[in-house]
file upload-v5.txt (compact mmCIF, N, CA and C atoms)
# COMPACT_ATOMS: atom_id res chain seq x y z
N MET A 1 49.91 -30.85 -40.27
CA MET A 1 48.93 -31.59 -39.53
C MET A 1 47.86 -30.62 -39.02
N GLN A 2 46.60 -30.99 -39.20
CA GLN A 2 45.51 -30.12 -38.78
C GLN A 2 45.17 -30.36 -37.32
N ASN A 3 44.51 -29.35 -36.71
CA ASN A 3 44.13 -29.45 -35.31
C ASN A 3 43.10 -30.55 -35.06
N SER A 4 42.25 -30.82 -36.04
CA SER A 4 41.21 -31.83 -35.84
C SER A 4 41.80 -33.23 -35.68
N SER A 5 42.98 -33.48 -36.27
CA SER A 5 43.58 -34.80 -36.16
C SER A 5 44.46 -34.93 -34.92
N LEU A 6 44.75 -33.80 -34.24
CA LEU A 6 45.56 -33.84 -33.03
C LEU A 6 44.73 -34.35 -31.87
N GLY A 7 45.39 -34.95 -30.90
CA GLY A 7 44.72 -35.36 -29.68
C GLY A 7 44.42 -34.15 -28.81
N TYR A 8 43.57 -34.34 -27.83
CA TYR A 8 43.17 -33.24 -26.94
C TYR A 8 44.38 -32.69 -26.20
N ALA A 9 45.22 -33.54 -25.67
CA ALA A 9 46.37 -33.09 -24.89
C ALA A 9 47.32 -32.25 -25.76
N GLU A 10 47.51 -32.65 -27.00
CA GLU A 10 48.41 -31.90 -27.90
C GLU A 10 47.81 -30.53 -28.24
N ARG A 11 46.51 -30.48 -28.46
CA ARG A 11 45.87 -29.18 -28.74
C ARG A 11 45.99 -28.23 -27.56
N VAL A 12 45.79 -28.76 -26.34
CA VAL A 12 45.91 -27.92 -25.14
C VAL A 12 47.35 -27.43 -24.98
N ARG A 13 48.34 -28.30 -25.21
CA ARG A 13 49.75 -27.91 -25.08
C ARG A 13 50.10 -26.81 -26.06
N ARG A 14 49.64 -26.93 -27.32
CA ARG A 14 49.93 -25.91 -28.33
C ARG A 14 49.25 -24.57 -28.00
N GLU A 15 48.03 -24.62 -27.48
CA GLU A 15 47.32 -23.38 -27.12
C GLU A 15 48.02 -22.69 -25.97
N ARG A 16 48.49 -23.46 -24.99
CA ARG A 16 49.21 -22.86 -23.86
C ARG A 16 50.53 -22.25 -24.33
N ALA A 17 51.21 -22.91 -25.24
CA ALA A 17 52.47 -22.37 -25.77
C ALA A 17 52.23 -21.09 -26.55
N ARG A 18 51.15 -21.03 -27.32
CA ARG A 18 50.83 -19.83 -28.09
C ARG A 18 50.52 -18.67 -27.16
N CYS A 19 49.75 -18.93 -26.10
CA CYS A 19 49.39 -17.87 -25.17
C CYS A 19 50.60 -17.40 -24.37
N ALA A 20 51.52 -18.29 -24.04
CA ALA A 20 52.70 -17.92 -23.27
C ALA A 20 53.66 -17.08 -24.09
N SER A 21 53.68 -17.30 -25.41
CA SER A 21 54.62 -16.56 -26.25
C SER A 21 54.13 -15.14 -26.54
N ALA A 22 52.83 -14.88 -26.46
CA ALA A 22 52.30 -13.55 -26.72
C ALA A 22 52.02 -12.86 -25.38
N PRO A 23 52.79 -11.82 -25.04
CA PRO A 23 52.57 -11.16 -23.76
C PRO A 23 51.23 -10.39 -23.77
N PHE A 24 50.65 -10.28 -22.59
CA PHE A 24 49.38 -9.58 -22.46
C PHE A 24 49.64 -8.08 -22.40
N THR A 25 48.94 -7.36 -23.25
CA THR A 25 49.09 -5.90 -23.27
C THR A 25 47.71 -5.27 -23.16
N ILE A 26 47.65 -4.13 -22.51
CA ILE A 26 46.40 -3.38 -22.41
C ILE A 26 46.27 -2.53 -23.66
N PRO A 27 45.13 -2.61 -24.33
CA PRO A 27 44.97 -1.79 -25.53
C PRO A 27 45.01 -0.31 -25.19
N SER A 28 45.45 0.50 -26.15
CA SER A 28 45.56 1.94 -25.90
C SER A 28 44.19 2.58 -25.71
N SER A 29 43.18 2.08 -26.40
CA SER A 29 41.83 2.62 -26.23
C SER A 29 41.12 1.78 -25.16
N SER A 30 41.41 2.09 -23.93
CA SER A 30 40.87 1.31 -22.81
C SER A 30 39.37 1.55 -22.68
N THR A 31 38.66 0.56 -22.12
CA THR A 31 37.22 0.70 -21.94
C THR A 31 36.87 1.43 -20.64
N TRP A 32 37.86 1.74 -19.81
CA TRP A 32 37.61 2.46 -18.57
C TRP A 32 37.29 3.90 -18.88
N GLN A 33 36.27 4.44 -18.20
CA GLN A 33 35.87 5.82 -18.44
C GLN A 33 35.84 6.57 -17.12
N GLU A 34 35.92 7.87 -17.25
CA GLU A 34 35.79 8.73 -16.07
C GLU A 34 34.35 8.65 -15.57
N PRO A 35 34.14 8.77 -14.25
CA PRO A 35 32.76 8.78 -13.76
C PRO A 35 32.03 10.02 -14.25
N PRO A 36 30.71 9.94 -14.42
CA PRO A 36 29.98 11.09 -14.92
C PRO A 36 29.91 12.19 -13.87
N PRO A 37 29.60 13.40 -14.27
CA PRO A 37 29.44 14.49 -13.30
C PRO A 37 28.29 14.17 -12.34
N VAL A 38 28.33 14.79 -11.17
CA VAL A 38 27.36 14.48 -10.12
C VAL A 38 25.92 14.73 -10.56
N PRO A 39 25.57 15.84 -11.21
CA PRO A 39 24.16 16.02 -11.62
C PRO A 39 23.69 14.93 -12.58
N LEU A 40 24.55 14.56 -13.50
CA LEU A 40 24.19 13.50 -14.44
C LEU A 40 24.05 12.16 -13.71
N LEU A 41 24.88 11.92 -12.72
CA LEU A 41 24.80 10.70 -11.92
C LEU A 41 23.48 10.65 -11.15
N VAL A 42 23.06 11.78 -10.59
CA VAL A 42 21.80 11.83 -9.83
C VAL A 42 20.61 11.58 -10.75
N VAL A 43 20.59 12.25 -11.90
CA VAL A 43 19.48 12.07 -12.84
C VAL A 43 19.46 10.64 -13.38
N GLY A 44 20.61 10.10 -13.70
CA GLY A 44 20.68 8.72 -14.20
C GLY A 44 20.20 7.71 -13.16
N THR A 45 20.58 7.93 -11.90
CA THR A 45 20.14 7.04 -10.83
C THR A 45 18.63 7.13 -10.64
N ALA A 46 18.08 8.35 -10.72
CA ALA A 46 16.63 8.52 -10.57
C ALA A 46 15.88 7.80 -11.70
N PHE A 47 16.36 7.95 -12.92
CA PHE A 47 15.71 7.27 -14.04
C PHE A 47 15.83 5.74 -13.92
N LYS A 48 16.97 5.28 -13.47
CA LYS A 48 17.16 3.83 -13.29
C LYS A 48 16.22 3.31 -12.22
N GLY A 49 16.09 4.05 -11.11
CA GLY A 49 15.15 3.66 -10.05
C GLY A 49 13.72 3.64 -10.53
N TYR A 50 13.34 4.67 -11.31
CA TYR A 50 12.00 4.70 -11.87
C TYR A 50 11.77 3.53 -12.82
N GLY A 51 12.78 3.18 -13.60
CA GLY A 51 12.64 2.05 -14.53
C GLY A 51 12.44 0.74 -13.80
N ILE A 52 13.17 0.54 -12.71
CA ILE A 52 13.01 -0.69 -11.92
C ILE A 52 11.63 -0.72 -11.28
N PHE A 53 11.19 0.43 -10.72
CA PHE A 53 9.86 0.50 -10.11
C PHE A 53 8.77 0.22 -11.15
N ALA A 54 8.91 0.80 -12.33
CA ALA A 54 7.91 0.59 -13.38
C ALA A 54 7.87 -0.87 -13.83
N GLU A 55 9.02 -1.53 -13.88
CA GLU A 55 9.05 -2.94 -14.26
C GLU A 55 8.35 -3.81 -13.22
N VAL A 56 8.61 -3.55 -11.95
CA VAL A 56 7.96 -4.31 -10.88
C VAL A 56 6.46 -4.09 -10.91
N LEU A 57 6.04 -2.84 -11.06
CA LEU A 57 4.61 -2.52 -11.12
C LEU A 57 3.95 -3.19 -12.32
N LYS A 58 4.63 -3.19 -13.46
CA LYS A 58 4.09 -3.85 -14.66
C LYS A 58 3.91 -5.34 -14.43
N ASN A 59 4.89 -5.98 -13.80
CA ASN A 59 4.79 -7.42 -13.53
C ASN A 59 3.65 -7.73 -12.57
N VAL A 60 3.47 -6.89 -11.54
CA VAL A 60 2.37 -7.10 -10.59
C VAL A 60 1.02 -6.94 -11.28
N LEU A 61 0.89 -5.90 -12.08
CA LEU A 61 -0.39 -5.66 -12.77
C LEU A 61 -0.68 -6.74 -13.81
N GLU A 62 0.34 -7.23 -14.50
CA GLU A 62 0.12 -8.32 -15.45
C GLU A 62 -0.30 -9.60 -14.74
N GLY A 63 0.29 -9.86 -13.57
CA GLY A 63 -0.11 -11.02 -12.78
C GLY A 63 -1.55 -10.91 -12.30
N LEU A 64 -1.93 -9.73 -11.85
CA LEU A 64 -3.31 -9.49 -11.42
C LEU A 64 -4.27 -9.64 -12.59
N ASP A 65 -3.89 -9.13 -13.75
CA ASP A 65 -4.73 -9.25 -14.94
C ASP A 65 -4.90 -10.71 -15.34
N THR A 66 -3.83 -11.48 -15.26
CA THR A 66 -3.92 -12.91 -15.58
C THR A 66 -4.85 -13.62 -14.61
N PHE A 67 -4.73 -13.29 -13.32
CA PHE A 67 -5.59 -13.92 -12.31
C PHE A 67 -7.05 -13.59 -12.57
N VAL A 68 -7.35 -12.31 -12.79
CA VAL A 68 -8.74 -11.90 -13.00
C VAL A 68 -9.27 -12.47 -14.30
N GLY A 69 -8.48 -12.44 -15.34
CA GLY A 69 -8.94 -12.89 -16.64
C GLY A 69 -9.10 -14.39 -16.75
N ARG A 70 -8.36 -15.14 -15.98
CA ARG A 70 -8.40 -16.58 -16.11
C ARG A 70 -9.10 -17.24 -14.94
N TYR A 71 -8.52 -17.13 -13.76
CA TYR A 71 -8.99 -17.92 -12.62
C TYR A 71 -10.26 -17.35 -12.01
N LEU A 72 -10.37 -16.04 -11.90
CA LEU A 72 -11.57 -15.45 -11.30
C LEU A 72 -12.78 -15.65 -12.20
N ALA A 73 -12.59 -15.58 -13.50
CA ALA A 73 -13.71 -15.81 -14.42
C ALA A 73 -14.21 -17.25 -14.32
N VAL A 74 -13.30 -18.20 -14.24
CA VAL A 74 -13.70 -19.61 -14.10
C VAL A 74 -14.41 -19.83 -12.78
N ALA A 75 -13.90 -19.26 -11.70
CA ALA A 75 -14.54 -19.41 -10.39
C ALA A 75 -15.93 -18.78 -10.40
N SER A 76 -16.09 -17.66 -11.08
CA SER A 76 -17.40 -17.01 -11.15
C SER A 76 -18.41 -17.87 -11.90
N VAL A 77 -17.99 -18.48 -12.98
CA VAL A 77 -18.88 -19.35 -13.74
C VAL A 77 -19.32 -20.55 -12.89
N PHE A 78 -18.39 -21.15 -12.17
CA PHE A 78 -18.76 -22.26 -11.29
C PHE A 78 -19.69 -21.81 -10.17
N TYR A 79 -19.45 -20.63 -9.62
CA TYR A 79 -20.29 -20.12 -8.54
C TYR A 79 -21.71 -19.86 -9.03
N VAL A 80 -21.84 -19.24 -10.21
CA VAL A 80 -23.17 -18.99 -10.76
C VAL A 80 -23.88 -20.30 -11.06
N GLY A 81 -23.17 -21.27 -11.58
CA GLY A 81 -23.77 -22.58 -11.83
C GLY A 81 -24.21 -23.27 -10.55
N PHE A 82 -23.39 -23.16 -9.52
CA PHE A 82 -23.75 -23.74 -8.22
C PHE A 82 -25.00 -23.08 -7.65
N LYS A 83 -25.05 -21.75 -7.70
CA LYS A 83 -26.23 -21.05 -7.16
C LYS A 83 -27.48 -21.36 -7.99
N TRP A 84 -27.32 -21.46 -9.30
CA TRP A 84 -28.47 -21.79 -10.14
C TRP A 84 -29.00 -23.17 -9.77
N ALA A 85 -28.10 -24.14 -9.64
CA ALA A 85 -28.52 -25.49 -9.27
C ALA A 85 -29.15 -25.51 -7.89
N HIS A 86 -28.61 -24.73 -6.98
CA HIS A 86 -29.16 -24.68 -5.62
C HIS A 86 -30.60 -24.18 -5.63
N PHE A 87 -30.87 -23.10 -6.35
CA PHE A 87 -32.21 -22.54 -6.35
C PHE A 87 -33.18 -23.31 -7.24
N ARG A 88 -32.68 -24.03 -8.22
CA ARG A 88 -33.56 -24.81 -9.09
C ARG A 88 -33.87 -26.18 -8.51
N ILE A 89 -32.94 -26.77 -7.80
CA ILE A 89 -33.11 -28.13 -7.31
C ILE A 89 -33.49 -28.16 -5.84
N VAL A 90 -32.70 -27.53 -5.00
CA VAL A 90 -32.90 -27.62 -3.56
C VAL A 90 -34.13 -26.84 -3.11
N VAL A 91 -34.29 -25.62 -3.58
CA VAL A 91 -35.38 -24.78 -3.10
C VAL A 91 -36.73 -25.29 -3.60
N GLN A 92 -36.79 -25.80 -4.80
CA GLN A 92 -38.06 -26.29 -5.33
C GLN A 92 -38.52 -27.56 -4.62
N ARG A 93 -37.63 -28.29 -3.98
CA ARG A 93 -38.00 -29.53 -3.31
C ARG A 93 -38.38 -29.31 -1.86
N SER A 94 -38.55 -28.09 -1.44
CA SER A 94 -38.95 -27.75 -0.07
C SER A 94 -37.98 -28.34 0.94
N ASP A 95 -36.76 -27.94 0.85
CA ASP A 95 -35.73 -28.41 1.77
C ASP A 95 -36.09 -28.01 3.20
N PRO A 96 -36.08 -28.93 4.18
CA PRO A 96 -36.48 -28.60 5.54
C PRO A 96 -35.54 -27.61 6.23
N ILE A 97 -34.37 -27.37 5.66
CA ILE A 97 -33.44 -26.41 6.25
C ILE A 97 -33.94 -24.99 6.04
N LEU A 98 -34.75 -24.76 5.00
CA LEU A 98 -35.23 -23.42 4.69
C LEU A 98 -36.15 -22.89 5.78
N THR A 99 -36.13 -21.60 5.95
CA THR A 99 -37.05 -20.99 6.91
C THR A 99 -38.44 -20.94 6.31
N ALA A 100 -39.42 -20.73 7.15
CA ALA A 100 -40.81 -20.69 6.69
C ALA A 100 -41.05 -19.52 5.76
N ASP A 101 -40.46 -18.38 6.01
CA ASP A 101 -40.67 -17.20 5.16
C ASP A 101 -40.11 -17.42 3.77
N CYS A 102 -38.91 -17.98 3.70
CA CYS A 102 -38.29 -18.22 2.40
C CYS A 102 -39.08 -19.26 1.62
N LEU A 103 -39.51 -20.31 2.29
CA LEU A 103 -40.28 -21.36 1.62
C LEU A 103 -41.61 -20.82 1.13
N ALA A 104 -42.27 -19.99 1.95
CA ALA A 104 -43.56 -19.42 1.56
C ALA A 104 -43.40 -18.51 0.35
N SER A 105 -42.36 -17.72 0.34
CA SER A 105 -42.16 -16.83 -0.81
C SER A 105 -41.88 -17.62 -2.08
N ARG A 106 -41.16 -18.73 -1.98
CA ARG A 106 -40.90 -19.56 -3.15
C ARG A 106 -42.18 -20.24 -3.64
N VAL A 107 -43.01 -20.66 -2.74
CA VAL A 107 -44.27 -21.30 -3.14
C VAL A 107 -45.17 -20.30 -3.83
N VAL A 108 -45.26 -19.09 -3.27
CA VAL A 108 -46.08 -18.05 -3.90
C VAL A 108 -45.52 -17.72 -5.28
N GLN A 109 -44.23 -17.62 -5.39
CA GLN A 109 -43.62 -17.32 -6.68
C GLN A 109 -43.91 -18.43 -7.68
N PHE A 110 -43.86 -19.66 -7.27
CA PHE A 110 -44.12 -20.78 -8.17
C PHE A 110 -45.58 -20.82 -8.60
N VAL A 111 -46.49 -20.55 -7.68
CA VAL A 111 -47.92 -20.60 -7.99
C VAL A 111 -48.30 -19.52 -8.97
N HIS A 112 -47.69 -18.38 -8.86
CA HIS A 112 -48.02 -17.24 -9.73
C HIS A 112 -47.19 -17.19 -11.00
N GLY A 113 -46.85 -18.28 -11.57
CA GLY A 113 -46.22 -18.24 -12.88
C GLY A 113 -44.93 -19.00 -13.00
N GLY A 114 -44.51 -19.70 -12.00
CA GLY A 114 -43.29 -20.49 -12.11
C GLY A 114 -42.05 -19.64 -11.86
N PHE A 115 -40.90 -20.30 -11.80
CA PHE A 115 -39.66 -19.60 -11.51
C PHE A 115 -39.09 -18.89 -12.75
N ALA A 116 -39.32 -19.45 -13.91
CA ALA A 116 -38.66 -18.93 -15.09
C ALA A 116 -39.45 -17.82 -15.77
N THR A 117 -40.72 -17.70 -15.53
CA THR A 117 -41.52 -16.70 -16.24
C THR A 117 -41.84 -15.54 -15.31
N ARG A 118 -41.84 -14.36 -15.89
CA ARG A 118 -42.23 -13.15 -15.16
C ARG A 118 -43.33 -12.45 -15.94
N ARG A 119 -44.24 -11.86 -15.22
CA ARG A 119 -45.35 -11.16 -15.89
C ARG A 119 -45.18 -9.68 -15.82
call {"tool": "encode", "arguments": {"input": "upload-v5.txt", "output": "structure tokens"}}
result
Amino acid sequence: MQNSSLGYAERVRRERARCASAPFTIPSSSTWQEPPPVPLLVVGTAFKGYGIFAEVLKNVLEGLDTFVGRYLAVASVFYVGFKWAHFRIVVQRSDPILTADCLASRVVQFVHGGFATRR
């Protein structure tokens, strides 16, 4: 009879019986090792600490690069568009909020060739 045709309870019972019949033994080539000498331990700890520090620094710099490359560039484009619209629409309409000096300089600039052309 194959295991696939056995019920779950029967498979569990057979596995428990198999494990109980084979005593647990520690292999002769154990994975336990002696601790390293103190100088090697110090150097290894220093390198491990440097590796952790370098990983944290790399993650911070990558996050900053993502922010600058993505979000700051988009914000800058919107800011330049906003300022362009402000000076093209609001200032040309002689907004009463403007001071007299600013308004006079804009009028002089407009009279002498417009905003877009320079001589």
call {"tool": "axis_aligned_box", "arguments": {"input": "upload-v5.txt", "around": "region 78-81 of chain A", "padding_each_side": "6 Å", "output": "lines of an AutoDock Vina configuration file"}}
result
center_x = -21.3
center_y = -21.1
center_z = -10.4
size_x = 17.8
size_y = 16.3
size_z = 15.6
call {"tool": "atom_distance", "arguments": {"input": "upload-v5.txt", "atom1": "CA of Asp65 (chain A)", "atom2": "CA of Gly49 (chain A)"}}
result
24.2 Å
call {"tool": "atom_distance", "arguments": {"input": "upload-v5.txt", "atom1": "CA of Pro36 (chain A)", "atom2": "CA of Glu55 (chain A)"}}
result
25.2 Å
call {"tool": "atom_distance", "arguments": {"input": "upload-v5.txt", "atom1": "atom C of Val68 (chain A)", "atom2": "CA of Val80 (chain A)"}}
result
15.8 Å
call {"tool": "decode", "arguments": {"input": "upload-v5.txt", "residues": "region 57-95 of chain A", "atoms": "N, CA and C atoms", "output": "mmCIF file, in the first residue's frame"}}
result
data_model
loop_
_atom_site.group_PDB
_atom_site.id
_atom_site.type_symbol
_atom_site.label_atom_id
_atom_site.label_comp_id
_atom_site.auth_asym_id
_atom_site.auth_seq_id
_atom_site.Cartn_x
_atom_site.Cartn_y
_atom_site.Cartn_z
ATOM 1 N N LEU A 57 24.259 53.465 5.431
ATOM 2 C CA LEU A 57 24.601 54.671 4.669
ATOM 3 C C LEU A 57 24.140 54.553 3.222
ATOM 4 N N LYS A 58 24.318 53.380 2.630
ATOM 5 C CA LYS A 58 23.873 53.163 1.244
ATOM 6 C C LYS A 58 22.362 53.328 1.128
ATOM 7 N N ASN A 59 21.614 52.776 2.079
ATOM 8 C CA ASN A 59 20.154 52.897 2.043
ATOM 9 C C ASN A 59 19.706 54.337 2.208
ATOM 10 N N VAL A 60 20.372 55.090 3.090
ATOM 11 C CA VAL A 60 20.023 56.505 3.278
ATOM 12 C C VAL A 60 20.310 57.301 2.009
ATOM 13 N N LEU A 61 21.472 57.082 1.422
ATOM 14 C CA LEU A 61 21.830 57.824 0.205
ATOM 15 C C LEU A 61 20.936 57.444 -0.973
ATOM 16 N N GLU A 62 20.556 56.186 -1.084
ATOM 17 C CA GLU A 62 19.636 55.796 -2.154
ATOM 18 C C GLU A 62 18.263 56.425 -1.964
ATOM 19 N N GLY A 63 17.810 56.510 -0.715
ATOM 20 C CA GLY A 63 16.540 57.178 -0.434
ATOM 21 C C GLY A 63 16.589 58.655 -0.770
ATOM 22 N N LEU A 64 17.687 59.310 -0.423
ATOM 23 C CA LEU A 64 17.865 60.727 -0.753
ATOM 24 C C LEU A 64 17.924 60.921 -2.263
ATOM 25 N N ASP A 65 18.611 60.033 -2.957
ATOM 26 C CA ASP A 65 18.698 60.114 -4.411
ATOM 27 C C ASP A 65 17.323 59.938 -5.052
ATOM 28 N N THR A 66 16.531 59.012 -4.531
ATOM 29 C CA THR A 66 15.175 58.817 -5.054
ATOM 30 C C THR A 66 14.331 60.059 -4.833
ATOM 31 N N PHE A 67 14.441 60.654 -3.638
ATOM 32 C CA PHE A 67 13.675 61.858 -3.340
ATOM 33 C C PHE A 67 14.059 62.989 -4.280
ATOM 34 N N VAL A 68 15.355 63.228 -4.434
ATOM 35 C CA VAL A 68 15.810 64.330 -5.284
ATOM 36 C C VAL A 68 15.473 64.064 -6.735
ATOM 37 N N GLY A 69 15.662 62.851 -7.181
ATOM 38 C CA GLY A 69 15.430 62.527 -8.582
ATOM 39 C C GLY A 69 13.976 62.502 -8.977
ATOM 40 N N ARG A 70 13.100 62.217 -8.045
ATOM 41 C CA ARG A 70 11.696 62.068 -8.388
ATOM 42 C C ARG A 70 10.863 63.229 -7.871
ATOM 43 N N TYR A 71 10.773 63.352 -6.562
ATOM 44 C CA TYR A 71 9.819 64.287 -5.970
ATOM 45 C C TYR A 71 10.295 65.734 -6.045
ATOM 46 N N LEU A 72 11.574 65.981 -5.824
ATOM 47 C CA LEU A 72 12.068 67.352 -5.862
ATOM 48 C C LEU A 72 12.036 67.902 -7.284
ATOM 49 N N ALA A 73 12.308 67.070 -8.263
ATOM 50 C CA ALA A 73 12.245 67.526 -9.656
ATOM 51 C C ALA A 73 10.813 67.888 -10.046
ATOM 52 N N VAL A 74 9.852 67.090 -9.633
ATOM 53 C CA VAL A 74 8.447 67.393 -9.932
ATOM 54 C C VAL A 74 8.019 68.673 -9.232
ATOM 55 N N ALA A 75 8.404 68.843 -7.974
ATOM 56 C CA ALA A 75 8.056 70.058 -7.235
ATOM 57 C C ALA A 75 8.696 71.282 -7.885
ATOM 58 N N SER A 76 9.911 71.151 -8.377
ATOM 59 C CA SER A 76 10.579 72.278 -9.033
ATOM 60 C C SER A 76 9.866 72.674 -10.313
ATOM 61 N N VAL A 77 9.431 71.710 -11.088
ATOM 62 C CA VAL A 77 8.703 72.008 -12.323
ATOM 63 C C VAL A 77 7.395 72.736 -12.012
ATOM 64 N N PHE A 78 6.671 72.270 -11.002
ATOM 65 C CA PHE A 78 5.432 72.960 -10.622
ATOM 66 C C PHE A 78 5.708 74.369 -10.109
ATOM 67 N N TYR A 79 6.779 74.540 -9.348
ATOM 68 C CA TYR A 79 7.118 75.856 -8.811
ATOM 69 C C TYR A 79 7.475 76.827 -9.934
ATOM 70 N N VAL A 80 8.273 76.374 -10.901
ATOM 71 C CA VAL A 80 8.634 77.240 -12.024
ATOM 72 C C VAL A 80 7.396 77.588 -12.839
ATOM 73 N N GLY A 81 6.515 76.632 -13.047
ATOM 74 C CA GLY A 81 5.265 76.919 -13.760
ATOM 75 C C GLY A 81 4.390 77.910 -13.017
ATOM 76 N N PHE A 82 4.318 77.754 -11.703
ATOM 77 C CA PHE A 82 3.534 78.688 -10.892
ATOM 78 C C PHE A 82 4.109 80.097 -10.977
ATOM 79 N N LYS A 83 5.429 80.224 -10.850
ATOM 80 C CA LYS A 83 6.047 81.556 -10.913
ATOM 81 C C LYS A 83 5.895 82.160 -12.313
ATOM 82 N N TRP A 84 6.005 81.342 -13.345
ATOM 83 C CA TRP A 84 5.835 81.852 -14.703
ATOM 84 C C TRP A 84 4.416 82.392 -14.873
ATOM 85 N N ALA A 85 3.427 81.620 -14.429
ATOM 86 C CA ALA A 85 2.038 82.065 -14.537
ATOM 87 C C ALA A 85 1.804 83.327 -13.710
ATOM 88 N N HIS A 86 2.420 83.399 -12.549
ATOM 89 C CA HIS A 86 2.254 84.581 -11.696
ATOM 90 C C HIS A 86 2.766 85.833 -12.394
ATOM 91 N N PHE A 87 3.955 85.766 -12.974
ATOM 92 C CA PHE A 87 4.525 86.956 -13.603
ATOM 93 C C PHE A 87 3.922 87.249 -14.967
ATOM 94 N N ARG A 88 3.365 86.260 -15.630
ATOM 95 C CA ARG A 88 2.746 86.498 -16.931
ATOM 96 C C ARG A 88 1.298 86.959 -16.811
ATOM 97 N N ILE A 89 0.596 86.493 -15.813
ATOM 98 C CA ILE A 89 -0.830 86.797 -15.692
ATOM 99 C C ILE A 89 -1.088 87.879 -14.657
ATOM 100 N N VAL A 90 -0.613 87.696 -13.453
ATOM 101 C CA VAL A 90 -0.939 88.610 -12.360
ATOM 102 C C VAL A 90 -0.229 89.941 -12.519
ATOM 103 N N VAL A 91 1.057 89.924 -12.823
ATOM 104 C CA VAL A 91 1.820 91.170 -12.874
ATOM 105 C C VAL A 91 1.420 92.016 -14.075
ATOM 106 N N GLN A 92 1.107 91.405 -15.191
ATOM 107 C CA GLN A 92 0.727 92.173 -16.368
ATOM 108 C C GLN A 92 -0.636 92.841 -16.201
ATOM 109 N N ARG A 93 -1.476 92.357 -15.306
ATOM 110 C CA ARG A 93 -2.804 92.927 -15.112
ATOM 111 C C ARG A 93 -2.811 94.031 -14.065
ATOM 112 N N SER A 94 -1.676 94.485 -13.626
ATOM 113 C CA SER A 94 -1.558 95.558 -12.641
ATOM 114 C C SER A 94 -2.322 95.222 -11.369
ATOM 115 N N ASP A 95 -1.927 94.160 -10.743
ATOM 116 C CA ASP A 95 -2.547 93.727 -9.498
ATOM 117 C C ASP A 95 -2.382 94.809 -8.435
#
